[in-house]
$ cat query28.csv   # CSV, N, CA and C atoms
chain,number,residue,atom,x,y,z
A,1,GLN,N,5.9,15.0,14.4
A,1,GLN,CA,6.5,13.6,14.3
A,1,GLN,C,5.6,12.6,15.0
A,2,VAL,N,5.4,11.5,14.3
A,2,VAL,CA,4.6,10.4,14.8
A,2,VAL,C,5.4,9.6,15.8
A,3,GLN,N,4.8,9.2,16.9
A,3,GLN,CA,5.5,8.3,17.8
A,3,GLN,C,4.7,7.0,17.8
A,4,LEU,N,5.4,5.9,17.6
A,4,LEU,CA,4.8,4.6,17.5
A,4,LEU,C,5.4,3.6,18.4
A,5,VAL,N,4.6,2.8,19.1
A,5,VAL,CA,5.1,1.9,20.1
A,5,VAL,C,4.4,0.5,19.8
A,6,GLU,N,5.3,-0.5,19.4
A,6,GLU,CA,4.8,-1.8,19.1
A,6,GLU,C,4.7,-2.7,20.3
A,7,SER,N,3.9,-3.7,20.2
A,7,SER,CA,3.9,-4.8,21.3
A,7,SER,C,3.3,-6.0,20.6
A,8,GLY,N,3.4,-7.1,21.3
A,8,GLY,CA,2.7,-8.3,20.9
A,8,GLY,C,3.6,-9.4,20.3
A,9,GLY,N,4.8,-9.1,20.1
A,9,GLY,CA,5.7,-10.1,19.5
A,9,GLY,C,5.9,-11.3,20.5
A,10,GLY,N,6.6,-12.3,20.0
A,10,GLY,CA,6.9,-13.4,20.9
A,10,GLY,C,7.4,-14.6,20.1
A,11,SER,N,7.4,-15.8,20.8
A,11,SER,CA,7.8,-17.0,20.2
A,11,SER,C,6.6,-17.9,20.1
A,12,VAL,N,6.5,-18.6,18.9
A,12,VAL,CA,5.3,-19.4,18.7
A,12,VAL,C,5.8,-20.6,17.8
A,13,GLN,N,5.1,-21.7,17.8
A,13,GLN,CA,5.4,-22.8,16.9
A,13,GLN,C,4.7,-22.6,15.6
A,14,ALA,N,5.2,-23.2,14.6
A,14,ALA,CA,4.6,-23.1,13.2
A,14,ALA,C,3.1,-23.5,13.3
A,15,GLY,N,2.3,-22.7,12.6
A,15,GLY,CA,0.9,-22.9,12.6
A,15,GLY,C,0.2,-22.1,13.6
A,16,GLY,N,0.9,-21.5,14.5
A,16,GLY,CA,0.3,-20.7,15.6
A,16,GLY,C,0.0,-19.3,15.1
A,17,SER,N,-0.5,-18.5,16.0
A,17,SER,CA,-0.9,-17.1,15.7
A,17,SER,C,-0.4,-16.1,16.7
A,18,LEU,N,-0.2,-14.9,16.3
A,18,LEU,CA,0.2,-13.8,17.1
A,18,LEU,C,-0.6,-12.5,16.6
A,19,ARG,N,-0.8,-11.6,17.5
A,19,ARG,CA,-1.4,-10.3,17.1
A,19,ARG,C,-0.4,-9.2,17.6
A,20,LEU,N,0.1,-8.4,16.6
A,20,LEU,CA,0.9,-7.3,16.9
A,20,LEU,C,0.1,-6.0,17.0
A,21,SER,N,0.5,-5.2,17.9
A,21,SER,CA,-0.2,-3.9,18.1
A,21,SER,C,0.8,-2.8,18.0
A,22,CYS,N,0.3,-1.6,17.5
A,22,CYS,CA,1.2,-0.4,17.4
A,22,CYS,C,0.3,0.7,17.8
A,23,ARG,N,0.7,1.4,18.9
A,23,ARG,CA,-0.1,2.5,19.3
A,23,ARG,C,0.6,3.8,18.8
A,24,ALA,N,-0.2,4.6,18.1
A,24,ALA,CA,0.4,5.9,17.6
A,24,ALA,C,0.0,7.0,18.5
A,25,SER,N,0.9,8.0,18.5
A,25,SER,CA,0.7,9.1,19.5
A,25,SER,C,-0.5,9.9,19.2
A,26,LYS,N,-1.1,9.9,18.0
A,26,LYS,CA,-2.3,10.6,17.8
A,26,LYS,C,-2.9,10.1,16.5
A,27,THR,N,-4.1,10.5,16.2
A,27,THR,CA,-4.8,10.0,15.0
A,27,THR,C,-4.3,10.9,13.8
A,28,TYR,N,-4.0,10.2,12.7
A,28,TYR,CA,-3.5,10.9,11.5
A,28,TYR,C,-4.4,10.5,10.3
A,29,TYR,N,-4.8,11.6,9.7
A,29,TYR,CA,-5.7,11.4,8.6
A,29,TYR,C,-4.9,11.5,7.3
A,30,ASN,N,-5.4,10.7,6.3
A,30,ASN,CA,-4.7,10.7,5.0
A,30,ASN,C,-3.3,10.3,5.2
A,31,TYR,N,-3.1,9.3,6.0
A,31,TYR,CA,-1.8,8.8,6.3
A,31,TYR,C,-1.7,7.3,5.9
A,32,CYS,N,-0.5,6.9,5.6
A,32,CYS,CA,-0.2,5.5,5.4
A,32,CYS,C,0.4,4.9,6.7
A,33,MET,N,-0.1,3.8,7.1
A,33,MET,CA,0.5,3.1,8.2
A,33,MET,C,0.7,1.6,7.7
A,34,GLY,N,1.8,1.1,8.3
A,34,GLY,CA,2.1,-0.3,7.8
A,34,GLY,C,3.0,-1.1,8.7
A,35,TRP,N,3.1,-2.3,8.4
A,35,TRP,CA,4.0,-3.2,9.1
A,35,TRP,C,5.1,-3.7,8.1
A,36,PHE,N,6.3,-3.6,8.6
A,36,PHE,CA,7.4,-4.1,7.8
A,36,PHE,C,8.2,-5.1,8.7
A,37,ARG,N,9.0,-5.9,8.1
A,37,ARG,CA,9.8,-6.9,8.9
A,37,ARG,C,11.2,-7.0,8.3
A,38,GLN,N,12.1,-7.3,9.2
A,38,GLN,CA,13.5,-7.4,8.8
A,38,GLN,C,14.1,-8.6,9.5
A,39,ALA,N,14.6,-9.6,8.7
A,39,ALA,CA,15.3,-10.7,9.3
A,39,ALA,C,16.8,-10.4,9.3
A,40,PRO,N,17.6,-11.1,10.1
A,40,PRO,CA,19.0,-10.8,10.2
A,40,PRO,C,19.7,-10.9,8.8
A,41,GLY,N,20.4,-9.9,8.5
A,41,GLY,CA,21.2,-9.9,7.2
A,41,GLY,C,20.3,-9.6,6.0
A,42,LYS,N,19.1,-9.2,6.2
A,42,LYS,CA,18.2,-8.9,5.0
A,42,LYS,C,17.7,-7.5,5.1
A,43,GLU,N,17.1,-7.0,4.0
A,43,GLU,CA,16.6,-5.7,4.0
A,43,GLU,C,15.2,-5.7,4.7
A,44,ARG,N,14.8,-4.5,5.1
A,44,ARG,CA,13.5,-4.3,5.7
A,44,ARG,C,12.4,-4.4,4.6
A,45,ASP,N,11.5,-5.3,4.7
A,45,ASP,CA,10.5,-5.6,3.6
A,45,ASP,C,9.1,-5.2,4.1
A,46,ARG,N,8.3,-4.7,3.2
A,46,ARG,CA,6.9,-4.4,3.6
A,46,ARG,C,6.1,-5.7,3.7
A,47,VAL,N,5.2,-5.7,4.7
A,47,VAL,CA,4.4,-6.8,5.0
A,47,VAL,C,2.9,-6.5,4.6
A,48,ALA,N,2.4,-5.4,5.2
A,48,ALA,CA,1.1,-4.9,5.0
A,48,ALA,C,1.0,-3.5,5.2
A,49,THR,N,0.1,-2.8,4.5
A,49,THR,CA,-0.1,-1.4,4.7
A,49,THR,C,-1.6,-1.1,4.6
A,50,ILE,N,-1.9,0.1,5.2
A,50,ILE,CA,-3.3,0.5,5.2
A,50,ILE,C,-3.3,2.0,5.1
A,51,TYR,N,-4.3,2.5,4.3
A,51,TYR,CA,-4.4,4.0,4.2
A,51,TYR,C,-5.5,4.5,5.1
A,52,THR,N,-5.2,5.4,6.0
A,52,THR,CA,-6.1,5.8,7.0
A,52,THR,C,-7.3,6.6,6.4
A,53,GLY,N,-7.0,7.2,5.2
A,53,GLY,CA,-8.0,8.0,4.5
A,53,GLY,C,-9.2,7.2,3.9
A,54,GLY,N,-9.0,5.9,3.6
A,54,GLY,CA,-10.0,5.2,3.0
A,54,GLY,C,-10.0,3.7,3.4
A,55,GLY,N,-9.0,3.3,4.1
A,55,GLY,CA,-9.0,1.9,4.6
A,55,GLY,C,-8.4,0.9,3.6
A,56,SER,N,-8.0,1.3,2.5
A,56,SER,CA,-7.5,0.3,1.5
A,56,SER,C,-6.2,-0.3,2.1
A,57,THR,N,-6.1,-1.6,1.8
A,57,THR,CA,-5.0,-2.4,2.4
A,57,THR,C,-4.2,-3.1,1.2
A,58,HIS,N,-3.0,-3.4,1.5
A,58,HIS,CA,-2.1,-4.2,0.6
A,58,HIS,C,-1.3,-5.1,1.4
A,59,TYR,N,-1.0,-6.3,0.8
A,59,TYR,CA,-0.2,-7.3,1.5
A,59,TYR,C,0.9,-7.9,0.6
A,60,ALA,N,1.9,-8.3,1.2
A,60,ALA,CA,3.0,-9.0,0.5
A,60,ALA,C,2.4,-10.3,0.1
A,61,ASP,N,2.8,-10.8,-1.0
A,61,ASP,CA,2.3,-12.1,-1.5
A,61,ASP,C,2.5,-13.2,-0.5
A,62,SER,N,3.6,-13.2,0.2
A,62,SER,CA,4.0,-14.2,1.1
A,62,SER,C,3.1,-14.3,2.4
A,63,VAL,N,2.3,-13.3,2.6
A,63,VAL,CA,1.4,-13.3,3.8
A,63,VAL,C,-0.1,-13.2,3.5
A,64,LYS,N,-0.4,-13.0,2.2
A,64,LYS,CA,-1.8,-13.0,1.8
A,64,LYS,C,-2.6,-14.2,2.3
A,65,GLY,N,-3.7,-13.9,2.9
A,65,GLY,CA,-4.6,-15.0,3.4
A,65,GLY,C,-4.2,-15.5,4.7
A,66,ARG,N,-3.1,-15.0,5.3
A,66,ARG,CA,-2.6,-15.4,6.6
A,66,ARG,C,-2.6,-14.2,7.6
A,67,PHE,N,-2.2,-13.1,7.1
A,67,PHE,CA,-2.1,-11.9,7.9
A,67,PHE,C,-3.2,-10.9,7.6
A,68,THR,N,-3.6,-10.1,8.6
A,68,THR,CA,-4.7,-9.1,8.4
A,68,THR,C,-4.2,-7.9,9.1
A,69,ILE,N,-4.2,-6.7,8.4
A,69,ILE,CA,-3.9,-5.5,9.0
A,69,ILE,C,-5.2,-4.7,9.3
A,70,SER,N,-5.3,-4.1,10.4
A,70,SER,CA,-6.5,-3.4,10.8
A,70,SER,C,-6.1,-2.2,11.7
A,71,GLN,N,-7.1,-1.3,11.9
A,71,GLN,CA,-6.9,-0.1,12.7
A,71,GLN,C,-8.1,0.1,13.6
A,72,ASP,N,-7.8,0.5,14.8
A,72,ASP,CA,-8.8,0.9,15.7
A,72,ASP,C,-8.6,2.4,16.1
A,73,VAL,N,-9.5,3.2,15.6
A,73,VAL,CA,-9.4,4.6,15.8
A,73,VAL,C,-10.5,5.2,16.6
A,74,GLY,N,-10.2,6.0,17.6
A,74,GLY,CA,-11.3,6.6,18.4
A,74,GLY,C,-10.7,7.9,19.0
A,75,VAL,N,-11.5,8.4,19.9
A,75,VAL,CA,-11.1,9.7,20.5
A,75,VAL,C,-9.8,9.4,21.3
A,76,GLY,N,-8.8,10.0,21.0
A,76,GLY,CA,-7.5,9.8,21.7
A,76,GLY,C,-6.9,8.5,21.5
A,77,LYS,N,-7.3,7.7,20.5
A,77,LYS,CA,-6.8,6.4,20.3
A,77,LYS,C,-6.5,6.1,18.8
A,78,ASN,N,-5.4,5.5,18.6
A,78,ASN,CA,-5.1,5.1,17.2
A,78,ASN,C,-4.2,3.9,17.3
A,79,ILE,N,-4.7,2.7,17.1
A,79,ILE,CA,-3.9,1.5,17.3
A,79,ILE,C,-4.0,0.7,15.9
A,80,LEU,N,-2.8,0.4,15.5
A,80,LEU,CA,-2.7,-0.5,14.3
A,80,LEU,C,-2.4,-1.9,14.7
A,81,TYR,N,-3.1,-2.8,14.1
A,81,TYR,CA,-2.9,-4.2,14.4
A,81,TYR,C,-2.4,-5.0,13.2
A,82,LEU,N,-1.7,-6.1,13.5
A,82,LEU,CA,-1.4,-7.1,12.5
A,82,LEU,C,-1.7,-8.5,13.1
A,83,GLN,N,-2.8,-9.1,12.6
A,83,GLN,CA,-3.2,-10.4,13.1
A,83,GLN,C,-2.4,-11.4,12.2
A,84,MET,N,-1.7,-12.3,12.8
A,84,MET,CA,-0.8,-13.2,12.0
A,84,MET,C,-1.3,-14.6,12.3
A,85,ASN,N,-1.8,-15.3,11.4
A,85,ASN,CA,-2.2,-16.7,11.5
A,85,ASN,C,-1.4,-17.6,10.7
A,86,SER,N,-1.4,-18.9,11.0
A,86,SER,CA,-0.7,-19.9,10.2
A,86,SER,C,0.7,-19.5,10.0
A,87,LEU,N,1.4,-19.1,11.1
A,87,LEU,CA,2.7,-18.6,11.1
A,87,LEU,C,3.7,-19.7,10.6
A,88,LYS,N,4.7,-19.3,9.9
A,88,LYS,CA,5.7,-20.2,9.3
A,88,LYS,C,7.1,-19.7,9.9
A,89,PRO,N,8.1,-20.6,9.9
A,89,PRO,CA,9.4,-20.3,10.3
A,89,PRO,C,10.0,-19.1,9.5
A,90,GLU,N,9.6,-19.0,8.3
A,90,GLU,CA,10.1,-17.9,7.4
A,90,GLU,C,9.5,-16.5,7.8
A,91,ASP,N,8.5,-16.5,8.7
A,91,ASP,CA,8.0,-15.3,9.2
A,91,ASP,C,8.8,-14.7,10.3
A,92,THR,N,9.8,-15.4,10.8
A,92,THR,CA,10.7,-15.0,11.9
A,92,THR,C,11.4,-13.7,11.4
A,93,ALA,N,11.3,-12.7,12.2
A,93,ALA,CA,11.9,-11.4,11.9
A,93,ALA,C,11.5,-10.4,13.0
A,94,MET,N,12.2,-9.2,13.0
A,94,MET,CA,11.8,-8.1,13.8
A,94,MET,C,10.7,-7.4,13.0
A,95,TYR,N,9.6,-7.1,13.6
A,95,TYR,CA,8.5,-6.4,12.9
A,95,TYR,C,8.4,-5.0,13.4
A,96,TYR,N,8.3,-4.1,12.4
A,96,TYR,CA,8.2,-2.7,12.7
A,96,TYR,C,6.9,-2.1,12.2
A,97,CYS,N,6.4,-1.2,13.0
A,97,CYS,CA,5.3,-0.3,12.6
A,97,CYS,C,5.8,1.0,12.0
A,98,ALA,N,5.2,1.4,11.0
A,98,ALA,CA,5.6,2.7,10.3
A,98,ALA,C,4.4,3.5,9.9
A,99,ALA,N,4.7,4.8,9.8
A,99,ALA,CA,3.6,5.7,9.4
A,99,ALA,C,4.2,6.9,8.6
A,100,GLU,N,3.5,7.3,7.6
A,100,GLU,CA,4.0,8.4,6.8
A,100,GLU,C,2.8,9.0,6.0
A,101,ASP,N,2.9,10.3,5.7
A,101,ASP,CA,2.0,10.9,4.8
A,101,ASP,C,1.9,10.2,3.5
A,102,ILE,N,0.7,10.1,2.9
A,102,ILE,CA,0.6,9.5,1.6
A,102,ILE,C,1.4,10.3,0.5
A,103,GLY,N,1.4,11.6,0.8
A,103,GLY,CA,2.2,12.5,-0.1
A,103,GLY,C,2.0,12.4,-1.6
A,104,ALA,N,3.1,12.7,-2.3
A,104,ALA,CA,3.0,12.7,-3.7
A,104,ALA,C,2.9,11.2,-4.3
A,105,TYR,N,3.3,10.3,-3.5
A,105,TYR,CA,3.3,8.9,-4.0
A,105,TYR,C,1.9,8.4,-4.4
A,106,GLY,N,0.9,8.9,-3.6
A,106,GLY,CA,-0.5,8.5,-3.9
A,106,GLY,C,-0.9,7.1,-3.6
A,107,ASN,N,0.0,6.4,-2.9
A,107,ASN,CA,-0.3,5.0,-2.5
A,107,ASN,C,0.6,4.7,-1.3
A,108,CYS,N,0.2,3.7,-0.5
A,108,CYS,CA,0.9,3.3,0.7
A,108,CYS,C,1.9,2.1,0.5
A,109,TRP,N,1.6,1.4,-0.6
A,109,TRP,CA,2.4,0.1,-0.8
A,109,TRP,C,3.7,0.5,-1.5
A,110,ARG,N,4.6,0.9,-0.7
A,110,ARG,CA,5.9,1.4,-1.2
A,110,ARG,C,7.0,1.0,-0.2
A,111,ASP,N,8.3,1.2,-0.7
A,111,ASP,CA,9.4,0.7,0.1
A,111,ASP,C,9.6,1.4,1.4
A,112,ALA,N,10.3,0.7,2.3
A,112,ALA,CA,10.5,1.2,3.7
A,112,ALA,C,11.2,2.5,3.7
A,113,ILE,N,12.1,2.7,2.7
A,113,ILE,CA,12.8,4.0,2.6
A,113,ILE,C,12.0,5.2,2.5
A,114,THR,N,10.7,5.0,2.1
A,114,THR,CA,9.8,6.2,1.9
A,114,THR,C,9.0,6.5,3.2
A,115,TYR,N,9.2,5.7,4.2
A,115,TYR,CA,8.6,5.9,5.5
A,115,TYR,C,9.6,6.5,6.5
A,116,PHE,N,9.2,7.5,7.2
A,116,PHE,CA,10.2,8.2,8.1
A,116,PHE,C,9.8,8.2,9.6
A,117,ASN,N,8.7,7.5,9.9
A,117,ASN,CA,8.3,7.4,11.3
A,117,ASN,C,8.2,5.9,11.6
A,118,TRP,N,9.0,5.5,12.6
A,118,TRP,CA,9.1,4.1,12.9
A,118,TRP,C,9.0,3.8,14.4
A,119,GLY,N,8.5,2.6,14.7
A,119,GLY,CA,8.5,2.2,16.1
A,119,GLY,C,9.9,1.5,16.4
A,120,GLN,N,10.0,1.0,17.6
A,120,GLN,CA,11.3,0.3,18.0
A,120,GLN,C,11.4,-1.1,17.5
A,121,GLY,N,10.2,-1.7,17.1
A,121,GLY,CA,10.3,-3.1,16.6
A,121,GLY,C,9.9,-4.1,17.7
A,122,THR,N,9.3,-5.2,17.3
A,122,THR,CA,9.0,-6.3,18.2
A,122,THR,C,9.3,-7.6,17.5
A,123,GLN,N,10.0,-8.5,18.2
A,123,GLN,CA,10.5,-9.7,17.6
A,123,GLN,C,9.5,-10.8,17.5
A,124,VAL,N,9.4,-11.4,16.4
A,124,VAL,CA,8.5,-12.6,16.2
A,124,VAL,C,9.4,-13.7,15.8
A,125,THR,N,9.3,-14.8,16.5
A,125,THR,CA,10.1,-16.0,16.3
A,125,THR,C,9.2,-17.2,16.1
A,126,VAL,N,9.3,-17.9,15.0
A,126,VAL,CA,8.4,-19.0,14.7
A,126,VAL,C,9.3,-20.3,14.6
A,127,SER,N,9.1,-21.2,15.4
A,127,SER,CA,9.9,-22.5,15.4
A,127,SER,C,9.1,-23.6,14.6
A,128,SER,N,9.9,-24.4,14.0
A,128,SER,CA,9.3,-25.5,13.2
A,128,SER,C,9.0,-26.7,14.1
$ encode --input "query28.csv" --output "structure tokens"
Amino acid sequence: QVQLVESGGGSVQAGGSLRLSCRASKTYYNYCMGWFRQAPGKERDRVATIYTGGGSTHYADSVKGRFTISQDVGVGKNILYLQMNSLKPEDTAMYYCAAEDIGAYGNCWRDAITYFNWGQGTQVTVSS
């Protein structure tokens, strides 16, 4: 089982930036890792995903050009990042890091229900 610990959330004004980090318990090959977010009363939506096997990334239309997902992998280190720029009030949500085997799906850009390893979440609040 993958253990994931997020950090980096906080409060920022519209137009500002934040960088979220997610430290994984070990390095996973041919895995999907991603960031999802959930606002109060809404479903958990995918924000950005990355495939550790080749580095391909996908983004929600609402964050394209503003958010960047990346990974820092080394000996005993596996950290997932989400750089968030030009933040908007509608970006306010709890952000979760997730990881899962690419499995039979063959792609990482899929619904939260198909991911079974989650962090505890980190709150991002953007004020206007």
$ residues_around --input "query28.csv" --residues "region 78-90 of chain A" --least-positions-apart "2" --cutoff "5 Å" --atoms "only N, CA and C atoms" --output "NGL selection string"
:A and (14-24 or 66-74 or 76 or 92 or 126)
$ closest_residue --input "query28.csv" --among "A:Gln13, A:Gly8, A:Gln3, A:Asn107" --to "Thr52 (chain A)" --atoms "only C-alpha atoms"
A:Asn107
$ closest_residue --input "query28.csv" --among "A:Asp101, A:Asp111, A:Asp45, A:Asp91" --to "Val63 (chain A)" --atoms "only C-alpha atoms"
A:Asp91
$ atom_distance --input "query28.csv" --atom1 "CA of Trp109 (chain A)" --atom2 "CA of Tyr31 (chain A)"
12.0 Å
$ closest_residue --input "query28.csv" --among "A:Lys26, A:Val5, A:Arg110, A:Ser62" --to "Thr49 (chain A)" --atoms "only C-alpha atoms"
A:Arg110
$ closest_residue --input "query28.csv" --among "A:Val124, A:Cys97, A:Val47, A:Ala39" --to "Val12 (chain A)" --atoms "only C-alpha atoms"
A:Val124
$ closest_residue --input "query28.csv" --among "A:Gly55, A:Ala60, A:Glu100, A:Gln1" --to "Met33 (chain A)" --atoms "all atoms listed in the file"
A:Glu100
$ atom_distance --input "query28.csv" --atom1 "CA of Ile50 (chain A)" --atom2 "atom N of Thr125 (chain A)"
22.8 Å
$ select_by_dssp --input "query28.csv" --residues "region 51-117 of chain A" --states "helix (DSSP H, G or I)" --output "PyMOL selection string"
chain A and resi 89-91+103-105+112-114
